[in-house]
$ cat my_file.cif   # mmCIF, C-alpha atoms and all ligand atoms
data_query
loop_
_atom_site.label_atom_id
_atom_site.label_comp_id
_atom_site.auth_asym_id
_atom_site.auth_seq_id
_atom_site.Cartn_x
_atom_site.Cartn_y
_atom_site.Cartn_z
CA MET U 1 21.58 -4.63 8.85
CA GLU U 2 21.22 -8.28 9.79
CA ARG U 3 17.78 -8.42 11.41
CA VAL U 4 14.81 -6.52 9.96
CA LEU U 5 11.37 -6.33 11.55
CA VAL U 6 8.64 -5.80 8.95
CA THR U 7 5.22 -4.84 10.32
CA GLY U 8 2.32 -5.73 8.03
CA GLY U 9 4.59 -8.13 6.14
CA ALA U 10 1.74 -10.54 5.35
CA GLY U 11 -0.13 -7.86 3.37
CA PHE U 12 0.10 -6.94 -0.31
CA VAL U 13 3.01 -4.45 -0.26
CA GLY U 14 4.59 -5.91 2.89
CA SER U 15 4.91 -9.42 1.48
CA SER U 16 6.38 -8.01 -1.74
CA PHE U 17 8.94 -6.16 0.38
CA VAL U 18 9.77 -9.31 2.38
CA ARG U 19 10.28 -11.29 -0.86
CA HIS U 20 12.48 -8.45 -2.15
CA VAL U 21 14.64 -8.41 1.02
CA ALA U 22 14.95 -12.21 0.95
CA ALA U 23 16.08 -12.09 -2.70
CA HIS U 24 18.43 -9.08 -2.52
CA THR U 25 20.01 -9.15 0.98
CA ASP U 26 21.25 -11.65 3.56
CA ALA U 27 19.09 -10.16 6.32
CA ALA U 28 16.84 -12.26 8.55
CA VAL U 29 13.26 -10.96 8.54
CA THR U 30 10.68 -11.08 11.30
CA VAL U 31 7.17 -10.26 10.10
CA LEU U 32 4.78 -8.84 12.71
CA ASP U 33 1.25 -9.08 11.37
CA LYS U 34 -2.18 -9.26 13.02
CA LEU U 35 -3.50 -11.31 10.07
CA THR U 36 -6.60 -9.18 9.53
CA PRO U 37 -8.89 -10.19 6.63
CA ALA U 38 -6.58 -8.13 4.36
CA ALA U 39 -3.58 -10.39 5.09
CA SER U 40 -2.30 -13.28 2.99
CA PRO U 41 0.19 -15.43 4.89
CA GLU U 42 0.19 -17.62 1.74
CA SER U 43 2.15 -14.84 0.06
CA LEU U 44 5.14 -15.67 2.29
CA ALA U 45 5.14 -19.39 1.46
CA GLY U 46 8.33 -20.76 -0.05
CA LEU U 47 10.66 -18.18 1.54
CA PRO U 48 13.65 -19.67 3.42
CA GLU U 49 12.35 -20.71 6.85
CA ASP U 50 15.68 -20.01 8.55
CA ARG U 51 15.50 -16.36 7.39
CA VAL U 52 11.82 -15.39 7.47
CA ARG U 53 9.52 -15.91 10.46
CA LEU U 54 5.96 -14.73 11.07
CA VAL U 55 4.84 -13.47 14.48
CA VAL U 56 1.08 -12.96 14.73
CA GLY U 57 0.31 -9.91 16.84
CA ASP U 58 -0.96 -6.33 17.00
CA VAL U 59 1.39 -3.42 16.25
CA ALA U 60 -0.61 -1.37 18.77
CA ASP U 61 0.27 -3.80 21.60
CA PRO U 62 3.48 -2.64 23.38
CA ALA U 63 3.99 -6.06 25.00
CA VAL U 64 4.27 -7.64 21.54
CA VAL U 65 6.12 -4.81 19.83
CA ASP U 66 8.81 -3.94 22.38
CA PRO U 67 10.74 -7.25 22.46
CA LEU U 68 10.58 -7.61 18.66
CA VAL U 69 11.99 -4.10 18.15
CA GLY U 70 14.63 -4.84 20.80
CA GLU U 71 16.06 -7.71 18.76
CA ALA U 72 16.00 -5.85 15.39
CA ASP U 73 18.62 -3.67 13.64
CA ALA U 74 15.95 -1.94 11.56
CA VAL U 75 12.16 -1.73 11.38
CA VAL U 76 10.08 -1.23 8.25
CA HIS U 77 6.56 -0.20 9.18
CA LEU U 78 3.80 -1.17 6.76
CA ALA U 79 1.09 -2.49 9.12
CA ALA U 80 -2.04 -0.50 8.46
CA GLU U 81 -5.71 -0.60 7.73
CA SER U 82 -5.38 0.32 4.07
CA HIS U 83 -8.75 0.45 2.27
CA ASN U 84 -10.61 3.76 1.93
CA ASP U 85 -14.05 2.20 1.51
CA ASN U 86 -13.62 0.24 4.78
CA ALA U 87 -12.62 3.45 6.59
CA LEU U 88 -15.82 5.12 5.41
CA GLU U 89 -17.82 2.20 6.90
CA ASP U 90 -15.89 2.07 10.20
CA PRO U 91 -12.94 4.39 10.87
CA ALA U 92 -12.16 3.01 14.37
CA PRO U 93 -9.62 0.32 13.35
CA PHE U 94 -7.87 2.92 11.15
CA VAL U 95 -7.29 5.18 14.14
CA ASN U 96 -6.21 2.24 16.33
CA THR U 97 -3.77 0.64 13.91
CA ASN U 98 -2.54 3.56 11.83
CA LEU U 99 -2.22 6.11 14.64
CA VAL U 100 -1.95 4.18 17.93
CA GLY U 101 0.02 1.39 16.20
CA THR U 102 2.53 3.88 14.79
CA PHE U 103 2.80 5.62 18.17
CA THR U 104 3.43 2.25 19.87
CA LEU U 105 6.15 1.39 17.38
CA LEU U 106 7.76 4.83 17.64
CA GLU U 107 8.05 4.51 21.41
CA ALA U 108 9.67 1.05 21.11
CA VAL U 109 12.07 2.29 18.42
CA ARG U 110 12.95 5.27 20.61
CA ARG U 111 13.59 3.05 23.66
CA HIS U 112 15.87 0.71 21.71
CA GLY U 113 17.52 3.27 19.39
CA VAL U 114 16.60 1.29 16.28
CA ARG U 115 16.48 2.62 12.69
CA LEU U 116 12.90 2.99 11.35
CA HIS U 117 11.45 3.32 7.87
CA HIS U 118 7.79 4.33 7.75
CA VAL U 119 5.75 3.50 4.63
CA SER U 120 3.16 6.13 3.80
CA THR U 121 0.88 7.12 0.95
CA ASP U 122 0.42 9.97 -1.52
CA GLU U 123 -3.10 10.35 -0.12
CA VAL U 124 -1.64 12.35 2.79
CA TYR U 125 -1.29 15.27 0.34
CA GLY U 126 -5.00 15.34 -0.49
CA ASP U 127 -5.96 15.50 -4.17
CA LEU U 128 -5.31 17.56 -7.32
CA ASP U 129 -7.75 18.85 -9.92
CA LEU U 130 -7.84 17.02 -13.25
CA ASP U 131 -6.71 20.13 -15.13
CA ASP U 132 -3.95 21.02 -12.63
CA PRO U 133 -0.51 20.29 -14.15
CA ALA U 134 1.04 20.04 -10.63
CA ARG U 135 2.36 16.84 -9.06
CA PHE U 136 3.04 16.19 -5.37
CA THR U 137 6.62 16.33 -4.06
CA GLU U 138 8.22 15.94 -0.63
CA GLU U 139 7.55 19.67 -0.09
CA SER U 140 3.76 19.38 -0.58
CA ALA U 141 1.62 20.16 2.46
CA LEU U 142 -0.19 17.33 4.25
CA ARG U 143 -3.89 17.94 3.49
CA PRO U 144 -5.65 14.56 3.83
CA SER U 145 -9.30 14.39 2.87
CA SER U 146 -10.52 10.94 3.96
CA PRO U 147 -10.54 8.97 7.25
CA TYR U 148 -7.85 6.60 5.88
CA SER U 149 -5.56 9.34 4.59
CA ALA U 150 -6.05 11.40 7.77
CA SER U 151 -4.94 8.43 9.87
CA LYS U 152 -1.85 7.98 7.64
CA ALA U 153 -1.05 11.71 7.70
CA GLY U 154 -1.36 11.63 11.50
CA ALA U 155 1.16 8.78 11.58
CA ASP U 156 3.53 10.77 9.32
CA HIS U 157 3.26 13.75 11.68
CA LEU U 158 4.15 11.51 14.62
CA VAL U 159 7.22 10.12 12.81
CA ARG U 160 8.41 13.63 11.85
CA ALA U 161 7.91 14.86 15.42
CA TRP U 162 9.81 11.88 16.90
CA VAL U 163 12.72 12.57 14.51
CA ARG U 164 12.92 16.23 15.49
CA SER U 165 12.12 15.95 19.20
CA PHE U 166 13.85 12.68 20.09
CA GLY U 167 16.48 12.35 17.35
CA LEU U 168 14.88 9.15 16.02
CA ARG U 169 16.74 7.66 13.03
CA ALA U 170 13.76 7.47 10.68
CA THR U 171 12.82 7.97 7.03
CA ILE U 172 9.41 8.12 5.35
CA SER U 173 8.36 7.00 1.86
CA VAL U 174 5.19 8.25 0.21
CA SER U 175 4.04 5.94 -2.61
CA SER U 176 1.30 6.15 -5.19
CA ASN U 177 -1.19 3.35 -6.01
CA ASN U 178 0.40 -0.10 -6.26
CA TYR U 179 -0.70 -3.02 -8.43
CA GLY U 180 0.66 -6.55 -8.80
CA PRO U 181 0.21 -10.08 -7.37
CA TRP U 182 -1.39 -10.76 -3.97
CA GLN U 183 -3.44 -7.54 -3.82
CA HIS U 184 -6.72 -8.08 -1.98
CA VAL U 185 -9.80 -8.29 -4.23
CA GLU U 186 -11.40 -5.33 -2.43
CA LYS U 187 -8.95 -3.00 -4.27
CA PHE U 188 -9.66 -1.51 -7.70
CA VAL U 189 -7.33 -3.45 -10.03
CA PRO U 190 -7.91 -6.95 -8.58
CA ARG U 191 -11.63 -6.30 -8.19
CA GLN U 192 -11.97 -5.42 -11.87
CA ILE U 193 -9.69 -8.25 -13.04
CA THR U 194 -11.66 -10.82 -11.04
CA GLU U 195 -15.02 -9.37 -12.14
CA VAL U 196 -13.91 -9.76 -15.76
CA LEU U 197 -12.52 -13.27 -15.09
CA GLU U 198 -15.97 -14.15 -13.66
CA GLY U 199 -17.63 -12.86 -16.83
CA ARG U 200 -19.05 -9.69 -15.27
CA ARG U 201 -18.46 -5.98 -15.98
CA PRO U 202 -15.86 -3.75 -14.27
CA ARG U 203 -17.46 -1.38 -11.74
CA VAL U 204 -16.24 2.19 -11.89
CA TYR U 205 -17.22 4.74 -9.24
CA GLY U 206 -19.01 7.86 -10.51
CA ASP U 207 -17.80 9.20 -13.87
CA GLY U 208 -14.58 7.11 -13.70
CA ARG U 209 -12.39 10.11 -14.59
CA HIS U 210 -10.54 9.94 -11.24
CA VAL U 211 -6.80 9.57 -11.81
CA ARG U 212 -4.36 7.37 -9.90
CA ASP U 213 -0.56 7.18 -10.49
CA TRP U 214 0.09 3.44 -10.83
CA ILE U 215 3.35 1.76 -9.77
CA HIS U 216 4.18 -1.95 -9.70
CA THR U 217 4.55 -3.15 -6.12
CA GLU U 218 8.02 -4.65 -6.90
CA ASP U 219 9.22 -1.17 -7.88
CA HIS U 220 7.80 0.19 -4.62
CA SER U 221 9.63 -2.54 -2.65
CA ALA U 222 12.95 -1.76 -4.36
CA ALA U 223 12.49 1.92 -3.50
CA VAL U 224 11.79 1.14 0.17
CA LEU U 225 14.94 -1.00 0.43
CA ALA U 226 17.04 1.72 -1.25
CA ILE U 227 15.71 4.31 1.24
CA LEU U 228 16.25 1.99 4.20
CA GLU U 229 19.84 1.33 3.16
CA ARG U 230 20.90 4.70 1.72
CA GLY U 231 18.24 7.32 2.51
CA ARG U 232 19.13 10.38 4.57
CA ILE U 233 17.81 10.23 8.14
CA GLY U 234 14.84 12.52 8.72
CA GLU U 235 14.00 12.73 5.01
CA THR U 236 10.81 11.89 3.13
CA TYR U 237 11.03 10.30 -0.34
CA VAL U 238 8.16 10.31 -2.82
CA VAL U 239 7.84 6.99 -4.72
CA GLY U 240 6.08 7.14 -8.09
CA ALA U 241 6.65 5.82 -11.61
CA ASP U 242 4.87 8.37 -13.86
CA GLY U 243 1.88 6.03 -14.20
CA GLU U 244 -1.11 8.42 -14.27
CA ARG U 245 -4.28 6.85 -15.68
CA SER U 246 -8.00 7.38 -15.13
CA ASN U 247 -9.97 4.54 -13.57
CA LEU U 248 -11.98 4.29 -16.78
CA GLU U 249 -8.76 3.82 -18.81
CA VAL U 250 -7.60 1.02 -16.49
CA ALA U 251 -10.98 -0.75 -16.61
CA GLN U 252 -11.00 -0.46 -20.41
CA ALA U 253 -7.45 -1.88 -20.61
CA ILE U 254 -8.52 -4.90 -18.52
CA LEU U 255 -11.51 -5.50 -20.82
CA ARG U 256 -9.32 -5.18 -23.94
CA LEU U 257 -6.72 -7.60 -22.55
CA ALA U 258 -9.54 -10.09 -21.86
CA GLY U 259 -10.78 -9.77 -25.45
CA ARG U 260 -13.96 -7.97 -24.37
CA ASP U 261 -15.64 -4.75 -25.55
CA PRO U 262 -13.75 -1.92 -23.75
CA ALA U 263 -16.98 0.07 -23.47
CA ASP U 264 -18.60 -2.65 -21.32
CA VAL U 265 -18.03 -0.76 -18.05
CA GLU U 266 -20.66 -0.30 -15.34
CA HIS U 267 -20.79 3.08 -13.56
CA VAL U 268 -21.81 2.64 -9.90
CA ALA U 269 -22.35 4.88 -6.88
CA ASP U 270 -19.41 7.20 -6.22
CA ARG U 271 -17.21 7.03 -3.10
CA PRO U 272 -18.13 9.87 -0.66
CA GLY U 273 -15.45 12.58 -0.74
CA HIS U 274 -13.68 10.69 -3.58
CA ASP U 275 -10.21 12.20 -4.23
CA ARG U 276 -10.01 13.33 -7.87
CA ARG U 277 -6.37 12.89 -8.83
CA TYR U 278 -3.05 11.81 -7.34
CA ALA U 279 0.26 12.42 -9.14
CA LEU U 280 3.81 12.19 -7.85
CA ASP U 281 7.17 13.61 -8.91
CA ALA U 282 9.84 11.15 -7.68
CA ALA U 283 12.84 13.22 -8.89
CA LYS U 284 14.47 13.22 -5.43
CA LEU U 285 14.42 9.42 -5.15
CA ARG U 286 15.79 9.05 -8.69
CA THR U 287 18.59 11.59 -8.42
CA GLU U 288 19.64 11.03 -4.80
CA LEU U 289 19.38 7.25 -4.58
CA GLY U 290 19.53 6.27 -8.26
CA TRP U 291 16.24 4.36 -8.06
CA GLU U 292 14.45 3.71 -11.36
CA PRO U 293 11.26 1.72 -11.90
CA GLY U 294 11.75 -1.65 -13.62
CA TYR U 295 8.19 -1.75 -14.98
CA HIS U 296 7.72 0.70 -17.86
CA ASP U 297 4.89 -0.87 -19.86
CA PHE U 298 1.71 -0.64 -17.76
CA GLU U 299 -0.47 -2.69 -20.17
CA MET U 300 2.10 -5.52 -20.28
CA ALA U 301 2.44 -5.59 -16.47
CA LEU U 302 -1.35 -5.45 -16.16
CA ALA U 303 -1.60 -8.46 -18.51
CA ASP U 304 0.90 -10.35 -16.31
CA THR U 305 -1.14 -9.41 -13.24
CA MET U 306 -4.31 -10.71 -14.94
CA HIS U 307 -2.55 -14.02 -15.71
CA TRP U 308 -1.46 -14.21 -12.07
CA TYR U 309 -5.07 -13.78 -10.87
CA ALA U 310 -6.31 -16.34 -13.41
CA ASP U 311 -3.75 -18.80 -11.95
CA HIS U 312 -4.57 -18.03 -8.30
CA ALA U 313 -8.37 -18.30 -8.18
CA ASP U 314 -8.07 -20.70 -5.21
CA TRP U 315 -6.60 -17.81 -3.22
CA TRP U 316 -8.97 -14.95 -4.16
CA ARG U 317 -12.28 -16.74 -4.79
CA PRO U 318 -13.07 -17.46 -1.09
CA ARG U 319 -12.54 -13.73 -0.31
CA LYS U 320 -14.50 -12.43 -3.27
CA ALA U 321 -18.05 -13.27 -2.10
CA ALA U 322 -17.80 -11.28 1.15
CA VAL U 323 -16.18 -8.33 -0.64
CA GLU U 324 -18.86 -8.20 -3.34
CA ALA U 325 -21.67 -8.51 -0.76
CA ALA U 326 -20.30 -5.42 1.04
CA TYR U 327 -20.02 -3.49 -2.25
CA ALA U 328 -23.54 -4.54 -3.30
CA ALA U 329 -24.95 -3.22 -0.01
CA ARG U 330 -23.52 0.20 -0.93
CA GLY U 331 -24.74 0.13 -4.53
CA GLN U 332 -21.18 -0.33 -5.79
P1 LIG U 401 -2.81 -4.50 3.09
O1 LIG U 401 -4.14 -4.16 3.68
O2 LIG U 401 -2.73 -5.43 1.95
O3 LIG U 401 -1.85 -5.08 4.24
C1 LIG U 401 -1.80 -4.53 5.52
C2 LIG U 401 -1.24 -5.59 6.45
O4 LIG U 401 -1.17 -5.03 7.77
C3 LIG U 401 -2.12 -6.84 6.55
O5 LIG U 401 -1.33 -8.01 6.43
C4 LIG U 401 -2.74 -6.73 7.94
O6 LIG U 401 -3.02 -8.00 8.54
C5 LIG U 401 -1.66 -5.98 8.69
N1 LIG U 401 -2.22 -5.27 9.86
C6 LIG U 401 -3.35 -4.52 9.90
N2 LIG U 401 -3.56 -4.07 11.15
C7 LIG U 401 -2.53 -4.55 11.91
C8 LIG U 401 -2.19 -4.43 13.28
N3 LIG U 401 -2.96 -3.73 14.12
N4 LIG U 401 -1.07 -5.04 13.71
C9 LIG U 401 -0.29 -5.77 12.85
N5 LIG U 401 -0.58 -5.93 11.56
C10 LIG U 401 -1.68 -5.32 11.09
O7 LIG U 401 -2.15 -3.08 2.76
P2 LIG U 401 -1.06 -2.74 1.64
O8 LIG U 401 -1.74 -2.29 0.44
O9 LIG U 401 -0.09 -3.85 1.59
O10 LIG U 401 -0.39 -1.47 2.34
C11 LIG U 401 0.72 -1.65 3.21
C12 LIG U 401 1.24 -0.29 3.63
O11 LIG U 401 1.64 0.44 2.47
C13 LIG U 401 0.22 0.57 4.35
O12 LIG U 401 0.87 1.30 5.36
C14 LIG U 401 -0.29 1.52 3.27
O13 LIG U 401 -0.74 2.72 3.82
C15 LIG U 401 0.97 1.69 2.44
N6 LIG U 401 0.73 2.03 1.03
C16 LIG U 401 0.02 1.18 0.23
C17 LIG U 401 -0.18 1.52 -1.11
C18 LIG U 401 -0.98 0.64 -2.04
O14 LIG U 401 -1.28 1.07 -3.15
N7 LIG U 401 -1.34 -0.57 -1.65
C19 LIG U 401 0.35 2.72 -1.60
C20 LIG U 401 1.06 3.57 -0.74
C21 LIG U 401 1.26 3.19 0.59
O1 LIG U 402 -2.63 6.22 -3.42
C1 LIG U 402 -2.16 5.21 -2.57
C2 LIG U 402 -3.34 4.48 -1.97
O2 LIG U 402 -3.87 3.70 -3.03
C3 LIG U 402 -2.98 3.60 -0.79
O3 LIG U 402 -2.55 4.41 0.27
C4 LIG U 402 -4.19 2.78 -0.34
O4 LIG U 402 -3.82 1.89 0.69
C5 LIG U 402 -4.71 2.00 -1.52
O5 LIG U 402 -5.90 1.32 -1.15
C6 LIG U 402 -5.00 2.94 -2.69
O6 LIG U 402 -6.10 3.82 -2.37
P1 LIG U 402 -7.26 4.14 -3.45
O7 LIG U 402 -8.47 4.51 -2.69
O8 LIG U 402 -6.76 5.02 -4.51
O9 LIG U 402 -7.39 2.65 -4.08
P2 LIG U 402 -8.64 1.75 -4.52
O10 LIG U 402 -8.06 0.52 -5.13
O11 LIG U 402 -9.64 1.56 -3.44
O12 LIG U 402 -9.31 2.63 -5.66
C7 LIG U 402 -8.57 3.13 -6.75
C8 LIG U 402 -9.49 4.04 -7.54
O13 LIG U 402 -10.54 3.26 -8.13
C9 LIG U 402 -10.20 5.08 -6.70
O14 LIG U 402 -10.38 6.25 -7.49
C10 LIG U 402 -11.56 4.46 -6.39
C11 LIG U 402 -11.84 3.69 -7.65
N1 LIG U 402 -12.65 2.45 -7.56
C12 LIG U 402 -12.35 1.54 -6.59
C13 LIG U 402 -13.04 0.35 -6.54
C14 LIG U 402 -12.73 -0.68 -5.48
C15 LIG U 402 -13.63 2.21 -8.51
O15 LIG U 402 -13.87 3.06 -9.41
N2 LIG U 402 -14.31 1.03 -8.47
C16 LIG U 402 -14.05 0.07 -7.52
O16 LIG U 402 -14.71 -0.98 -7.54
#

$ encode --input "my_file.cif" --output "structure tokens"
Amino acid sequence: MERVLVTGGAGFVGSSFVRHVAAHTDAAVTVLDKLTPAASPESLAGLPEDRVRLVVGDVADPAVVDPLVGEADAVVHLAAESHNDNALEDPAPFVNTNLVGTFTLLEAVRRHGVRLHHVSTDEVYGDLDLDDPARFTEESALRPSSPYSASKAGADHLVRAWVRSFGLRATISVSSNNYGPWQHVEKFVPRQITEVLEGRRPRVYGDGRHVRDWIHTEDHSAAVLAILERGRIGETYVVGADGERSNLEVAQAILRLAGRDPADVEHVADRPGHDRRYALDAAKLRTELGWEPGYHDFEMALADTMHWYADHADWWRPRKAAVEAAYAARGQ
């Protein structure tokens, strides 16, 4: 695998994956990214220019996608509209990018016979009750409950159908919630970190008892590379690191790490249709591919992430005002 095309490689998870490939392989990487407001081309700065190039374009545009796929040995597909709250405001770009974009890529990959890895989300499985001991596995049914997760589940269905019907050489990974550097301030962890850095209170939707299964984005990137290199064609791999925590617990940890009163949390309007709990069992990835997370201490990694945000205010501060204005308009 000498030439890898990474769609969405200027985003949070995509740029982490590109840094991981640059550090752990000799492959040349082409990033295809539309540079939506979620993107951070700054996150690719400093990578070797002879090995990493950025092409600005739309994954739903066949004229852009086809030649790039034609010159690649493998494609890793991360380009997506990724934020649930944005999908509730306007689902149209989610259908265009996540569904039509995936379809466009699948057709190019089929034409050129190129290996594909598709990056998906645990949200395709819907949610679990708080008192349900179950966790999602590769065998769980796709039961998405939000416009974002429905668009991702639709993309997963397309990939599975192209594998079965056209013999496409593809794999799928289904990850839980990521945290780490370069995550857009619209997302929960960076929003709360930057609120606290600005001297304000974390804002938790509803009762704050909703549970997410946190994984460091570098662990997610290592899993994606392992699946790309050694995963069985046609298989799905769940990617999780046993990181279940309620939103309230995460907000309280951020306050504690900042030396503030952990009870100083503000409860705001809930997200419509808010999924209660996600939890993943990544036994297949661990036993089949030998993947293990490198980050075991959530509080310590959260502290490092807070330091990173404190050191990168020049990057997030210009984005923060627009994000907070949109949240304020919704009472959040
Ligand atoms: P992000 O919003 O930070 O990045 C998405 C990137 O895709 C951005 O750089 C954006 O410019 C680009 N993009 C959007 N529309 C595009 C288009 N039409 N053409 C080309 N590029 C386009 O998202 P993220 O959090 O980095 O998520 C990346 C992928 O990982 C998504 O597919 C998401 O569903 C999946 N995922 C994310 C998480 C998480 O916790 N962040 C967890 C599981 C799966
Ligand atoms: O589970 C994987 C998914 O995780 C990815 O597929 C998505 O791309 C990613 O955005 C993330 O989705 P969530 O909706 O879980 O993430 P978000 O950061 O938006 O919210 C995490 C939890 O925190 C969720 O229960 C909503 C809540 N929340 C969010 C914000 C922004 C708050 O309580 N307050 C907030 O201010």

$ residues_near_ligand --input "my_file.cif" --ligand "ligand LIG 401 (chain U)" --cutoff "8 Å" --atoms "all atoms listed in the file" --output "ChimeraX atom specification"
/U:7-15,32-41,56-60,77-83,93,96-98,101,118-123,152,174-179,183-184,217

$ residues_near_ligand --input "my_file.cif" --ligand "ligand LIG 402 (chain U)" --cutoff "8 Å" --atoms "all atoms listed in the file" --output "number ranges by chain"
U: 81-85, 120-123, 149, 175-178, 186-189, 191-192, 202-206, 208, 210-213, 247-248, 268, 270-271, 274-278, 327, 332

$ axis_aligned_box --input "my_file.cif" --around "stretch 94-110 of chain U" --padding-each-side "6 Å" --output "JSON"
{"center_x": 2.5, "center_y": 3.4, "center_z": 16.3, "size_x": 32.8, "size_y": 17.5, "size_z": 22.3}

$ closest_residue --input "my_file.cif" --among "U:Val238, U:Ile227, U:Ala329, U:Val29" --to "U:Ala283" --atoms "only C-alpha atoms"
U:Val238

$ residues_around --input "my_file.cif" --residues "stretch 144-146 of chain U" --least-positions-apart "6" --cutoff "6 Å" --atoms "only C-alpha atoms" --output "mmCIF file with C-alpha atoms, keeping the file's coordinate frame"
data_model
loop_
_atom_site.group_PDB
_atom_site.id
_atom_site.type_symbol
_atom_site.label_atom_id
_atom_site.label_comp_id
_atom_site.auth_asym_id
_atom_site.auth_seq_id
_atom_site.Cartn_x
_atom_site.Cartn_y
_atom_site.Cartn_z
ATOM 1 C CA VAL U 124 -1.640 12.350 2.790
ATOM 2 C CA TYR U 125 -1.290 15.270 0.340
ATOM 3 C CA GLY U 126 -5.000 15.340 -0.490
#

$ atom_distance --input "my_file.cif" --atom1 "atom CA of U:Thr102" --atom2 "atom CA of U:Tyr237"
18.5 Å

$ atom_distance --input "my_file.cif" --atom1 "atom CA of U:Glu71" --atom2 "atom CA of U:Arg3"
7.6 Å

$ residues_around --input "my_file.cif" --residues "U:Arg164" --least-positions-apart "5" --cutoff "12 Å" --atoms "all atoms listed in the file" --output "ChimeraX atom specification"
/U:157-159,169-171,233-235

$ residues_around --input "my_file.cif" --residues "U:His216" --least-positions-apart "4" --cutoff "9 Å" --atoms "all atoms listed in the file" --output "ChimeraX atom specification"
/U:177-180,220-221,241,293-295,298,301

$ write_last_selection --input "my_file.cif" --atoms "C-alpha atoms" --output "compact mmCIF listing (two decimals), in the frame of the given file"
# COMPACT_ATOMS: atom_id res chain seq x y z
CA ASN U 177 -1.19 3.35 -6.01
CA ASN U 178 0.40 -0.10 -6.26
CA TYR U 179 -0.70 -3.02 -8.43
CA GLY U 180 0.66 -6.55 -8.80
CA HIS U 220 7.80 0.19 -4.62
CA SER U 221 9.63 -2.54 -2.65
CA ALA U 241 6.65 5.82 -11.61
CA PRO U 293 11.26 1.72 -11.90
CA GLY U 294 11.75 -1.65 -13.62
CA TYR U 295 8.19 -1.75 -14.98
CA PHE U 298 1.71 -0.64 -17.76
CA ALA U 301 2.44 -5.59 -16.47

$ atom_distance --input "my_file.cif" --atom1 "atom CA of U:Arg319" --atom2 "atom CA of U:Val185"
7.2 Å

$ closest_residue --input "my_file.cif" --among "U:Gly240, U:Leu5, U:Arg51, U:Val65" --to "U:Asp26" --atoms "all atoms listed in the file"
U:Arg51

$ closest_residue --input "my_file.cif" --among "U:Arg209, U:Arg160, U:Lys320, U:Arg111" --to "U:Asp131" --atoms "all atoms listed in the file"
U:Arg209

$ residues_around --input "my_file.cif" --residues "U:Thr30" --least-positions-apart "6" --cutoff "7 Å" --atoms "all atoms listed in the file" --output "list in words"
Val4, Leu5, Val6, Val52, Arg53 and Leu54 of chain U

$ closest_residue --input "my_file.cif" --among "U:Gly231, U:Leu99, U:His20, U:Pro48" --to "U:His117" --atoms "all atoms listed in the file"
U:Gly231

$ closest_residue --input "my_file.cif" --among "U:Ala74, U:Leu105, U:Leu128, U:Ala251" --to "U:Ala27" --atoms "all atoms listed in the file"
U:Ala74

$ closest_residue --input "my_file.cif" --among "U:Ala303, U:Val196, U:Ala328, U:Leu285" --to "U:Asp261" --atoms "only C-alpha atoms"
U:Val196
